[in-house]
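K.L.:
This is work_38.cif, which holds mmCIF, C-alpha atoms and all ligand atoms:
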```cif
data_final
loop_
_atom_site.label_atom_id
_atom_site.label_comp_id
_atom_site.auth_asym_id
_atom_site.auth_seq_id
_atom_site.Cartn_x
_atom_site.Cartn_y
_atom_site.Cartn_z
CA TYR A 601 0.00 0.00 0.00
CA PHE A 602 1.26 3.44 -0.85
CA MET A 603 -1.21 6.03 0.39
CA ASN A 604 -1.32 7.81 3.74
CA THR A 605 -4.56 8.40 5.68
CA ASN A 606 -5.44 11.69 3.99
CA GLU A 607 -4.73 10.32 0.54
CA LEU A 608 -6.88 7.27 1.21
CA ILE A 609 -9.78 9.40 2.42
CA GLU A 610 -9.46 11.67 -0.64
CA ALA A 611 -9.38 8.66 -2.98
CA GLU A 612 -12.48 7.17 -1.35
CA ASP A 613 -14.23 10.50 -1.75
CA LYS A 614 -13.33 10.53 -5.43
CA TYR A 615 -14.06 6.92 -6.39
CA PHE A 616 -16.86 5.61 -4.18
CA ILE A 617 -20.56 6.18 -4.72
CA ASN A 618 -21.39 8.48 -1.89
CA THR A 619 -23.54 6.50 0.55
CA PHE A 620 -21.72 6.47 3.89
CA ALA A 621 -21.01 9.28 6.34
CA ARG A 622 -17.70 7.81 7.49
CA GLN A 623 -15.60 8.45 10.57
CA PRO A 624 -12.26 10.02 9.54
CA ILE A 625 -9.99 7.07 10.36
CA VAL A 626 -8.62 4.23 8.24
CA LEU A 627 -8.69 1.02 10.27
CA ASP A 628 -5.74 -1.21 9.60
CA HIS A 629 -5.64 -4.18 11.95
CA GLY A 630 -7.17 -5.55 15.12
CA LYS A 631 -6.59 -7.98 17.96
CA GLY A 632 -9.22 -8.95 20.50
CA VAL A 633 -11.35 -5.92 21.35
CA LYS A 634 -8.73 -3.49 20.03
CA VAL A 635 -8.25 -2.03 16.56
CA TRP A 636 -5.54 0.26 15.23
CA ASP A 637 -5.74 2.84 12.49
CA LYS A 638 -3.11 3.44 9.82
CA ASP A 639 -1.48 6.13 11.93
CA GLY A 640 -0.99 3.72 14.82
CA ASN A 641 -3.78 5.08 17.05
CA GLU A 642 -5.35 2.39 19.24
CA TYR A 643 -9.09 2.05 19.86
CA ILE A 644 -11.26 -0.17 22.02
CA ASP A 645 -13.87 -1.36 19.58
CA MET A 646 -17.30 -1.06 21.17
CA PHE A 647 -19.01 -1.06 17.78
CA ALA A 648 -17.65 -4.37 16.40
CA GLY A 649 -18.54 -3.63 12.77
CA ILE A 650 -22.15 -2.97 13.85
CA ALA A 651 -22.58 -5.98 16.09
CA VAL A 652 -20.68 -8.30 13.77
CA ASN A 653 -17.26 -9.18 15.24
CA ALA A 654 -18.67 -11.41 17.97
CA LEU A 655 -15.24 -12.88 18.78
CA GLY A 656 -13.43 -9.58 18.41
CA HIS A 657 -10.61 -9.23 15.92
CA ALA A 658 -8.21 -11.97 14.78
CA HIS A 659 -9.56 -14.56 17.21
CA PRO A 660 -7.20 -17.55 16.78
CA LYS A 661 -10.04 -20.08 16.46
CA LEU A 662 -11.70 -18.08 13.69
CA VAL A 663 -8.39 -17.34 11.97
CA ASN A 664 -7.40 -21.02 12.08
CA ALA A 665 -10.75 -22.18 10.76
CA LEU A 666 -10.58 -19.72 7.87
CA GLN A 667 -6.95 -20.48 7.06
CA GLY A 668 -7.61 -24.23 7.07
CA GLN A 669 -10.65 -23.87 4.81
CA VAL A 670 -9.01 -21.38 2.43
CA GLU A 671 -6.40 -23.98 1.57
CA LYS A 672 -8.99 -26.70 1.13
CA LEU A 673 -12.01 -25.24 -0.68
CA ILE A 674 -13.27 -21.65 -0.85
CA HIS A 675 -16.33 -21.92 -3.05
CA VAL A 676 -18.48 -24.53 -4.73
CA SER A 677 -21.87 -24.22 -6.33
CA ASN A 678 -24.97 -25.08 -4.36
CA ILE A 679 -25.64 -27.82 -6.86
CA TYR A 680 -23.04 -29.80 -4.88
CA TYR A 681 -23.01 -30.67 -1.18
CA ASN A 682 -20.32 -29.19 1.07
CA GLU A 683 -19.42 -30.43 4.53
CA PRO A 684 -19.02 -27.20 6.59
CA ALA A 685 -22.51 -26.04 5.54
CA ILE A 686 -24.16 -29.30 6.54
CA GLU A 687 -22.15 -29.57 9.75
CA TYR A 688 -23.23 -26.07 10.72
CA ALA A 689 -26.94 -26.66 10.09
CA LYS A 690 -26.76 -29.86 12.16
CA LYS A 691 -25.13 -27.92 14.99
CA LEU A 692 -27.23 -24.73 14.94
CA LEU A 693 -30.77 -25.96 14.39
CA PRO A 694 -31.03 -28.12 17.56
CA LEU A 695 -30.16 -24.99 19.55
CA THR A 696 -33.34 -23.36 18.20
CA GLU A 697 -37.00 -24.19 17.61
CA PHE A 698 -36.37 -24.46 13.86
CA ASP A 699 -35.86 -27.52 11.69
CA ARG A 700 -34.43 -26.22 8.41
CA LEU A 701 -32.42 -23.32 7.10
CA PHE A 702 -31.42 -21.52 3.93
CA TYR A 703 -28.06 -19.75 3.73
CA ALA A 704 -27.82 -16.19 2.44
CA ASN A 705 -25.02 -13.60 2.39
CA SER A 706 -26.40 -10.72 4.43
CA GLY A 707 -29.20 -9.62 6.70
CA ALA A 708 -31.19 -8.09 3.88
CA GLU A 709 -30.97 -11.26 1.82
CA ALA A 710 -31.96 -13.41 4.78
CA ASN A 711 -35.01 -11.20 5.33
CA GLU A 712 -35.83 -11.15 1.64
CA GLY A 713 -35.94 -14.96 1.63
CA ALA A 714 -37.90 -15.11 4.88
CA ILE A 715 -40.57 -12.79 3.49
CA LYS A 716 -40.81 -14.78 0.26
CA LEU A 717 -41.19 -18.01 2.23
CA ALA A 718 -43.94 -16.54 4.44
CA LEU A 719 -45.86 -15.27 1.40
CA LYS A 720 -45.45 -18.52 -0.51
CA TYR A 721 -46.32 -20.75 2.45
CA THR A 722 -49.46 -18.85 3.44
CA GLY A 723 -50.57 -17.80 -0.05
CA LYS A 724 -51.46 -14.44 1.52
CA SER A 725 -50.19 -10.97 0.68
CA GLU A 726 -49.76 -8.82 3.80
CA ILE A 727 -47.01 -8.58 6.41
CA ILE A 728 -47.33 -6.45 9.51
CA THR A 729 -44.09 -4.63 10.37
CA ALA A 730 -43.05 -2.06 12.97
CA LYS A 731 -42.26 1.61 12.83
CA ASP A 732 -38.55 2.31 13.42
CA SER A 733 -37.68 -1.23 12.35
CA PHE A 734 -34.73 -1.97 10.10
CA HIS A 735 -34.70 -5.01 7.84
CA GLY A 736 -32.35 -4.07 4.99
CA ARG A 737 -31.77 -2.00 1.87
CA THR A 738 -33.15 -4.15 -0.95
CA LEU A 739 -36.51 -2.98 -2.27
CA LEU A 740 -38.44 -5.75 -0.51
CA THR A 741 -36.70 -5.28 2.83
CA LEU A 742 -36.89 -1.50 2.46
CA ALA A 743 -40.65 -1.88 2.05
CA ALA A 744 -40.60 -3.77 5.36
CA THR A 745 -38.38 -1.19 7.07
CA GLY A 746 -40.12 1.34 9.29
CA HIS A 747 -38.34 4.44 8.06
CA GLU A 748 -40.36 6.51 5.63
CA GLU A 749 -37.34 8.60 4.67
CA TYR A 750 -35.51 5.54 3.24
CA ARG A 751 -38.58 4.42 1.28
CA GLU A 752 -39.67 7.76 -0.05
CA PRO A 753 -37.47 7.95 -3.21
CA TYR A 754 -38.70 4.52 -4.38
CA LEU A 755 -42.38 4.68 -3.57
CA LYS A 756 -43.54 3.82 -7.10
CA ASN A 757 -41.31 0.75 -7.24
CA LEU A 758 -41.61 -0.63 -3.73
CA PRO A 759 -43.32 -3.98 -3.23
CA GLN A 760 -46.76 -3.61 -1.66
CA GLY A 761 -48.39 -5.39 1.24
CA PHE A 762 -46.39 -4.16 4.24
CA ILE A 763 -48.53 -2.66 6.99
CA GLU A 764 -46.49 -0.56 9.40
CA VAL A 765 -47.65 -0.20 12.99
CA PRO A 766 -46.06 1.36 16.10
CA TYR A 767 -43.65 -1.02 17.91
CA ASN A 768 -44.63 -2.48 21.28
CA ASP A 769 -48.31 -1.65 20.66
CA ILE A 770 -50.47 -4.77 20.62
CA GLU A 771 -53.69 -2.93 19.80
CA ALA A 772 -52.11 -1.55 16.62
CA ILE A 773 -51.27 -5.09 15.55
CA LYS A 774 -54.80 -6.29 16.24
CA GLU A 775 -56.21 -3.45 14.14
CA ALA A 776 -53.84 -4.15 11.25
CA ILE A 777 -54.75 -7.83 10.92
CA SER A 778 -56.87 -8.76 7.91
CA ASP A 779 -57.79 -11.94 6.02
CA GLU A 780 -54.67 -11.36 3.94
CA THR A 781 -52.21 -11.22 6.88
CA ALA A 782 -49.46 -13.73 6.22
CA ALA A 783 -47.06 -12.77 9.01
CA ILE A 784 -45.95 -10.34 11.68
CA MET A 785 -42.29 -9.44 11.21
CA LEU A 786 -40.35 -7.88 14.08
CA GLU A 787 -36.94 -7.45 15.63
CA PRO A 788 -37.04 -8.84 19.20
CA ILE A 789 -35.20 -5.66 20.20
CA GLN A 790 -34.95 -2.88 17.62
CA GLY A 791 -31.32 -2.06 16.84
CA GLU A 792 -31.10 0.77 14.31
CA GLY A 793 -34.37 2.17 15.68
CA GLY A 794 -32.62 3.06 18.96
CA VAL A 795 -32.17 -0.16 20.98
CA ASN A 796 -35.90 -0.34 21.73
CA VAL A 797 -36.87 -3.14 24.11
CA PRO A 798 -40.53 -4.19 24.00
CA SER A 799 -42.43 -5.73 26.90
CA LYS A 800 -42.71 -9.46 27.45
CA LYS A 801 -46.50 -9.01 27.44
CA TYR A 802 -46.28 -7.66 23.87
CA PHE A 803 -44.64 -10.83 22.62
CA ASP A 804 -46.90 -13.08 24.74
CA GLU A 805 -49.94 -11.50 23.11
CA ILE A 806 -48.40 -11.70 19.65
CA ALA A 807 -47.79 -15.41 20.17
CA GLU A 808 -51.44 -15.86 21.17
CA ILE A 809 -52.73 -13.89 18.19
CA CYS A 810 -50.51 -15.78 15.76
CA ALA A 811 -51.68 -19.14 17.10
CA GLU A 812 -55.33 -18.13 17.11
CA LYS A 813 -55.40 -16.56 13.65
CA ASP A 814 -52.86 -18.82 11.97
CA ILE A 815 -50.45 -15.95 11.29
CA LEU A 816 -46.70 -16.55 11.06
CA LEU A 817 -44.22 -14.79 13.31
CA ILE A 818 -40.96 -13.79 11.58
CA LEU A 819 -38.24 -12.64 13.94
CA ASP A 820 -35.35 -10.64 12.55
CA GLU A 821 -32.43 -11.61 14.81
CA VAL A 822 -29.85 -10.20 12.41
CA GLN A 823 -28.52 -7.77 15.00
CA THR A 824 -29.73 -9.37 18.24
CA GLY A 825 -28.59 -12.95 17.58
CA PHE A 826 -25.52 -14.95 18.52
CA GLY A 827 -25.14 -13.87 22.12
CA ARG A 828 -25.51 -10.16 21.48
CA CYS A 829 -28.27 -9.88 24.08
CA GLY A 830 -26.86 -12.43 26.55
CA THR A 831 -28.77 -15.41 25.14
CA LEU A 832 -28.02 -17.18 21.88
CA PHE A 833 -31.09 -15.48 20.39
CA ALA A 834 -32.87 -12.48 21.88
CA HIS A 835 -36.36 -13.95 21.60
CA GLU A 836 -35.33 -16.46 24.28
CA LEU A 837 -35.49 -13.47 26.67
CA PHE A 838 -39.21 -13.26 26.00
CA ASP A 839 -39.71 -17.02 26.06
CA ILE A 840 -41.48 -17.09 22.71
CA LYS A 841 -41.12 -19.15 19.58
CA ALA A 842 -41.29 -18.05 15.96
CA ASP A 843 -42.06 -19.71 12.64
CA ILE A 844 -39.18 -18.10 10.78
CA MET A 845 -36.04 -16.41 12.10
CA THR A 846 -33.37 -14.51 10.21
CA ILE A 847 -29.72 -14.22 11.16
CA ALA A 848 -26.61 -12.46 9.81
CA LYS A 849 -24.04 -10.08 11.33
CA GLY A 850 -22.52 -12.07 14.24
CA VAL A 851 -23.03 -15.50 12.66
CA GLY A 852 -19.78 -15.45 10.69
CA GLY A 853 -17.80 -13.30 13.12
CA GLY A 854 -16.97 -10.90 10.27
CA VAL A 855 -17.29 -12.93 7.10
CA PRO A 856 -20.47 -12.06 5.19
CA MET A 857 -23.15 -14.59 5.95
CA GLY A 858 -26.84 -14.76 6.73
CA ALA A 859 -29.59 -17.34 6.85
CA PHE A 860 -33.27 -17.84 7.46
CA LEU A 861 -34.46 -20.67 9.63
CA ALA A 862 -37.95 -22.14 9.60
CA THR A 863 -40.04 -24.84 11.22
CA GLU A 864 -40.53 -28.06 9.25
CA LYS A 865 -44.07 -27.10 8.35
CA VAL A 866 -43.33 -23.59 7.10
CA ALA A 867 -40.13 -24.63 5.33
CA GLY A 868 -42.36 -26.89 3.24
CA GLY A 869 -43.63 -23.74 1.50
CA PHE A 870 -40.57 -23.80 -0.75
CA ALA A 871 -39.79 -26.41 -3.38
CA PRO A 872 -36.70 -26.68 -5.61
CA GLY A 873 -36.52 -23.60 -7.85
CA ASP A 874 -38.41 -21.29 -5.47
CA HIS A 875 -35.29 -19.61 -4.12
CA GLY A 876 -31.55 -19.72 -4.63
CA THR A 877 -28.12 -18.16 -4.22
CA THR A 878 -24.65 -18.52 -5.72
CA PHE A 879 -22.57 -17.71 -2.66
CA GLY A 880 -24.88 -18.57 0.25
CA GLY A 881 -23.68 -21.45 2.41
CA GLY A 882 -20.25 -21.62 0.81
CA PRO A 883 -17.60 -23.72 2.59
CA LEU A 884 -15.45 -20.74 3.64
CA VAL A 885 -18.17 -18.77 5.43
CA CYS A 886 -19.62 -21.93 6.94
CA ALA A 887 -16.21 -22.90 8.32
CA ALA A 888 -16.16 -19.47 9.97
CA ALA A 889 -19.69 -19.90 11.32
CA ASN A 890 -18.78 -23.27 12.82
CA ALA A 891 -15.79 -21.72 14.58
CA VAL A 892 -17.84 -18.77 15.84
CA LEU A 893 -20.62 -20.93 17.26
CA ASP A 894 -18.17 -23.43 18.82
CA THR A 895 -16.25 -20.59 20.44
CA ILE A 896 -19.37 -18.84 21.75
CA LEU A 897 -20.40 -22.11 23.42
CA ASP A 898 -16.95 -23.37 24.51
CA GLU A 899 -15.83 -20.04 25.98
CA ASP A 900 -19.23 -19.33 27.57
CA LEU A 901 -19.55 -16.03 25.77
CA LEU A 902 -23.30 -15.94 26.38
CA GLU A 903 -22.57 -15.70 30.09
CA ASN A 904 -19.88 -13.09 29.42
CA SER A 905 -22.32 -11.05 27.34
CA LYS A 906 -24.85 -11.22 30.17
CA LYS A 907 -22.37 -10.45 32.97
CA VAL A 908 -20.29 -7.73 31.33
CA GLY A 909 -23.45 -6.25 29.81
CA ALA A 910 -25.07 -6.03 33.26
CA TYR A 911 -21.92 -4.43 34.70
CA PHE A 912 -21.80 -1.94 31.83
CA LYS A 913 -25.46 -1.06 32.23
CA ASP A 914 -25.03 -0.56 36.00
CA LYS A 915 -22.17 1.85 35.40
CA LEU A 916 -24.10 3.71 32.72
CA ASN A 917 -27.04 4.00 35.08
CA GLU A 918 -24.72 5.46 37.71
CA LEU A 919 -23.65 8.00 35.11
CA LYS A 920 -27.29 8.74 34.33
CA GLU A 921 -27.85 9.71 37.98
CA LYS A 922 -25.21 12.41 37.57
CA HIS A 923 -25.99 13.70 34.09
CA ASP A 924 -29.30 15.23 33.04
CA LYS A 925 -28.50 14.71 29.38
CA ILE A 926 -28.80 10.92 29.76
CA VAL A 927 -32.49 10.20 29.38
CA ASP A 928 -32.45 6.40 29.39
CA VAL A 929 -30.11 3.41 29.48
CA ARG A 930 -31.56 0.25 27.93
CA GLY A 931 -30.80 -3.05 26.24
CA HIS A 932 -29.84 -6.60 27.13
CA GLY A 933 -26.43 -8.23 27.28
CA LEU A 934 -23.95 -6.39 25.10
CA MET A 935 -26.52 -4.45 23.09
CA ILE A 936 -26.88 -1.24 25.03
CA GLY A 937 -28.41 2.07 24.05
CA VAL A 938 -27.93 5.34 25.90
CA GLU A 939 -30.62 7.82 24.94
CA LEU A 940 -29.55 11.43 25.19
CA SER A 941 -31.61 14.60 25.35
CA GLU A 942 -29.52 15.93 22.43
CA SER A 943 -27.80 14.66 19.27
CA GLY A 944 -25.23 11.93 19.91
CA ALA A 945 -22.89 12.67 16.97
CA GLY A 946 -20.54 14.91 18.98
CA TYR A 947 -20.17 12.20 21.65
CA VAL A 948 -19.18 9.64 19.01
CA ASP A 949 -16.43 11.99 17.79
CA LYS A 950 -15.25 12.79 21.31
CA LEU A 951 -15.09 9.13 22.31
CA ARG A 952 -13.22 8.23 19.13
CA GLU A 953 -10.64 10.90 19.90
CA MET A 954 -10.31 9.31 23.36
CA GLY A 955 -9.81 5.86 21.78
CA PHE A 956 -13.27 4.27 21.84
CA LEU A 957 -15.35 3.31 18.81
CA ILE A 958 -19.14 3.49 19.14
CA ASN A 959 -21.93 4.89 17.01
CA CYS A 960 -25.10 6.86 17.37
CA THR A 961 -28.41 5.61 16.03
CA ALA A 962 -31.85 7.21 15.75
CA GLY A 963 -30.13 10.61 16.13
CA ASN A 964 -29.72 10.60 19.89
CA VAL A 965 -29.03 7.04 21.04
CA LEU A 966 -25.41 6.05 21.65
CA ARG A 967 -25.14 2.38 20.76
CA PHE A 968 -22.64 0.03 22.40
CA VAL A 969 -22.37 -3.39 20.70
CA PRO A 970 -18.83 -4.56 21.55
CA PRO A 971 -17.37 -8.01 20.84
CA LEU A 972 -18.73 -10.69 23.19
CA ILE A 973 -15.21 -11.22 24.58
CA ILE A 974 -15.06 -7.76 26.17
CA THR A 975 -14.27 -7.64 29.90
CA ASN A 976 -15.15 -5.36 32.82
CA GLU A 977 -11.62 -3.90 32.60
CA GLU A 978 -12.34 -2.44 29.18
CA ILE A 979 -15.62 -1.03 30.46
CA ASP A 980 -13.64 0.55 33.30
CA LYS A 981 -11.28 2.15 30.78
CA LEU A 982 -14.28 3.82 29.17
CA ARG A 983 -15.44 4.96 32.62
CA SER A 984 -12.13 6.58 33.50
CA ALA A 985 -11.91 8.20 30.07
CA LYS A 986 -15.36 9.66 30.52
CA THR A 987 -14.60 11.17 33.90
CA GLU A 988 -11.42 12.86 32.71
N1 LIG B 1 -32.00 -6.58 10.03
C1 LIG B 1 -31.52 -5.93 11.09
C2 LIG B 1 -32.22 -6.05 12.41
C3 LIG B 1 -30.36 -5.15 10.98
O1 LIG B 1 -29.89 -4.50 12.05
C4 LIG B 1 -29.72 -5.06 9.73
C5 LIG B 1 -28.52 -4.23 9.54
O2 LIG B 1 -28.22 -3.34 10.30
C6 LIG B 1 -30.26 -5.76 8.64
C7 LIG B 1 -31.40 -6.51 8.83
C8 LIG B 1 -29.63 -5.69 7.28
O3 LIG B 1 -28.48 -6.44 7.28
P1 LIG B 1 -27.38 -6.28 6.10
O4 LIG B 1 -26.80 -4.92 6.26
O5 LIG B 1 -26.41 -7.38 6.37
O6 LIG B 1 -28.13 -6.46 4.83
#
```
Is it possible to express this structure as structure tokens?
Ligand code: PLP

P.N.:
Amino acid sequence: YFMNTNELIEAEDKYFINTFARQPIVLDHGKGVKVWDKDGNEYIDMFAGIAVNALGHAHPKLVNALQGQVEKLIHVSNIYYNEPAIEYAKKLLPLTEFDRLFYANSGAEANEGAIKLALKYTGKSEIITAKDSFHGRTLLTLAATGHEEYREPYLKNLPQGFIEVPYNDIEAIKEAISDETAAIMLEPIQGEGGVNVPSKKYFDEIAEICAEKDILLILDEVQTGFGRCGTLFAHELFDIKADIMTIAKGVGGGVPMGAFLATEKVAGGFAPGDHGTTFGGGPLVCAAANAVLDTILDEDLLENSKKVGAYFKDKLNELKEKHDKIVDVRGHGLMIGVELSESGAGYVDKLREMGFLINCTAGNVLRFVPPLIITNEEIDKLRSAKTE
């Protein structure tokens, strides 16, 4: 490489289609919960690639799994069987209420497939979704996403049939149900929407309605899954079961992967030819996913997410007592939102300059989604930095 930080940023500005408001650093390498930029500045990564790097950076088990697989087989078509993909399905599904899965490459693709399956299985045309939800950037998942501003430029081309209702409002769901309702699609905890945690009663009632009216429940666990919220999947916190669940982000620990999982009955809605993918379920990403899941279980990272998350939340609540600008501290495990009474952008910049990477979502919610391997000591470093 031959460009310095400024030259790289200028080149990006010149060559890339302008879609991201980026932070002004070029990340170069990482180890554990730390990352370094090209100028040698060190950061504690409390953002983890937006809740992706579950094992942190360069975890030896993930690196070894990838290196071993790279030398063996990177890609084969889905018209052949490959062992890591089958091994992973056999390992993951018994940890859930689902019987079958389909591999995709991202959260949006996983959701796209899940929606298609729900429509095909039920033969109905409407899906109830929530305001402030985020399900992806493809036209179908954008139609499902509860942000009018993202949908607005494409209104004439967006798929129809998505009925948006306020989140955590059971009456709104009841009112939105019609004879054409195929499914209710929700995040168990809204991520991009501001780390919004609904009540257990909400999900209990949804489960009842779905059973009574024969409506499917699709849970988007793209951000909340894989230990993020202290349990393997966040809907375990509410003790509910779904018909279809989507995953991505943390599943591959950083390699692009997603999937949708379904019960035996609902999975039967698809037959050969109804859906497909070139890259989904390739041996390389599945080798990574095997290593990530094994490590989460072997190193008890669910417990770590729960324990360190609780410690972090306690400390943030202590801070809230002292600072009027903190309106609310919420979340589960290592998915924590701090709602401010003002914009959070300046705080993100300040923390970055102090050596901590986080982001701000929904305008005024600071979001902390660190790797699941983070310890109380790193949380304490953030505390002492904040008091300085
Ligand atoms: N669903 C949820 C809950 C998400 O948080 C995201 C991304 O932030 C997506 C879907 C889309 O995932 P991807 O960016 O991998 O398409």

K.L.:
In terms of the shortest atom-to-atom distance over only C-alpha atoms and all ligand atoms, which of A:Ala776, A:Val652, A:Val626, A:Ala871 is closest to ligand LIG 1 (chain B)?

P.N.:
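Of the candidates, the smallest distance to ligand LIG 1 (chain B) is held by A:Val652.
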
K.L.:
Please identify all polymer residues within 8 Å of segment 761-768 of chain A, counting all atoms listed in the file, omitting same-chain residues fewer than 2 positions from it, and present them as an NGL selection string.

P.N.:
:A and (725-732 or 743-744 or 746 or 759 or 770 or 772-773 or 776 or 798-799 or 802)

K.L.:
Write out as a list in words each polymer residue (protein, DNA or RNA) that has an atom no more than 7 Å from ligand LIG 1 (chain B), with all atoms listed in the file counted.

P.N.:
Ser706, Gly707, Ala708, Glu709, Asn711, Phe734, His735, Gly736, Arg737, Glu787, Gln790, Gly791, Glu792, Asp820, Glu821, Val822, Gln823, Ala848 and Lys849 of chain A

K.L.:
Would you mind listing what lies within 9 Å of Asp637 of chain A as a count of residues only, with all atoms listed in the file counted and same-chain residues fewer than 3 positions away left out?

P.N.:
11

K.L.:
Hey, which of A:Lys841, A:Lys906, A:Lys614, A:His932 ends up closest to Arg967 of chain A? Count only C-alpha atoms.

P.N.:
A:His932

K.L.:
Using all atoms listed in the file for the distances, tell me which of A:Tyr750, A:Phe602, A:Phe968, A:Phe879 is nearest to Lys638 of chain A.

P.N.:
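Answer, going by the shortest atom-to-atom distance: A:Phe602.
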
K.L.:
Please report the interatomic distance between atom CA of Lys631 of chain A and atom CA of His657 of chain A in Å with one decimal.

P.N.:
4.7 Å

K.L.:
Which residue is closest to Ala888 of chain A? Choose from A:Leu951, A:Leu817, A:Leu982, A:Leu655 and count all atoms listed in the file.

P.N.:
A:Leu655

K.L.:
Counting only C-alpha atoms, which residue out of A:Pro624, A:Gly931, A:Gly713, A:Gly632 sits closest to Gly794 of chain A?

P.N.:
A:Gly931

K.L.:
Under the rule that all atoms listed in the file are counted, which of A:Ile979, A:Ala685, A:Val855, A:Ala651 is the nearest residue to Phe912 of chain A?

P.N.:
A:Ile979

K.L.:
Show me as an mmCIF file with C-alpha atoms, in the frame of the given file the residues that reach within 6 Å of (-12.6, -0.7, 18.5), counting only C-alpha atoms and using the file's own coordinates.

P.N.:
```cif
data_model
loop_
_atom_site.group_PDB
_atom_site.id
_atom_site.type_symbol
_atom_site.label_atom_id
_atom_site.label_comp_id
_atom_site.auth_asym_id
_atom_site.auth_seq_id
_atom_site.Cartn_x
_atom_site.Cartn_y
_atom_site.Cartn_z
ATOM 1 C CA LYS A 634 -8.730 -3.490 20.030
ATOM 2 C CA VAL A 635 -8.250 -2.030 16.560
ATOM 3 C CA TYR A 643 -9.090 2.050 19.860
ATOM 4 C CA ILE A 644 -11.260 -0.170 22.020
ATOM 5 C CA ASP A 645 -13.870 -1.360 19.580
ATOM 6 C CA MET A 646 -17.300 -1.060 21.170
ATOM 7 C CA LEU A 957 -15.350 3.310 18.810
#
```

K.L.:
List as a list in words the protein and nucleic acid residues near Asp894 of chain A, meaning an atom at most 12 Å away when all atoms listed in the file are counted, but skip any in the same chain fewer than 6 places from it.

P.N.:
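Using all atoms listed in the file, the neighbours found are Leu655, Lys661, Leu662, Ala665, Glu687, Tyr688, Lys691, Leu692, Phe826, Val851, Gly852, Gly853, Ala887, Ala888, Asp900, Leu901 and Leu902 of chain A.
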
K.L.:
In Å, with one decimal, what is the gap from atom CA of Arg930 of chain A to atom CA of Val795 of chain A?

P.N.:
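Interatomic distance here is 7.0 Å.
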
K.L.:
Considering all atoms listed in the file, return as a PyMOL selection string whatever protein or nucleic-acid residues lie within 8 Å of Leu884 of chain A, sequence-local ones (same chain, fewer than 2 positions apart) excluded.

P.N.:
chain A and resi 666+669-670+673-675+684+882+886-888

K.L.:
Have a look at atom CA of Thr741 of chain A and atom CA of Glu712 of chain A and let me know their distance in Å, one decimal.

P.N.:
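That distance, rounded to one decimal, is 6.1 Å.
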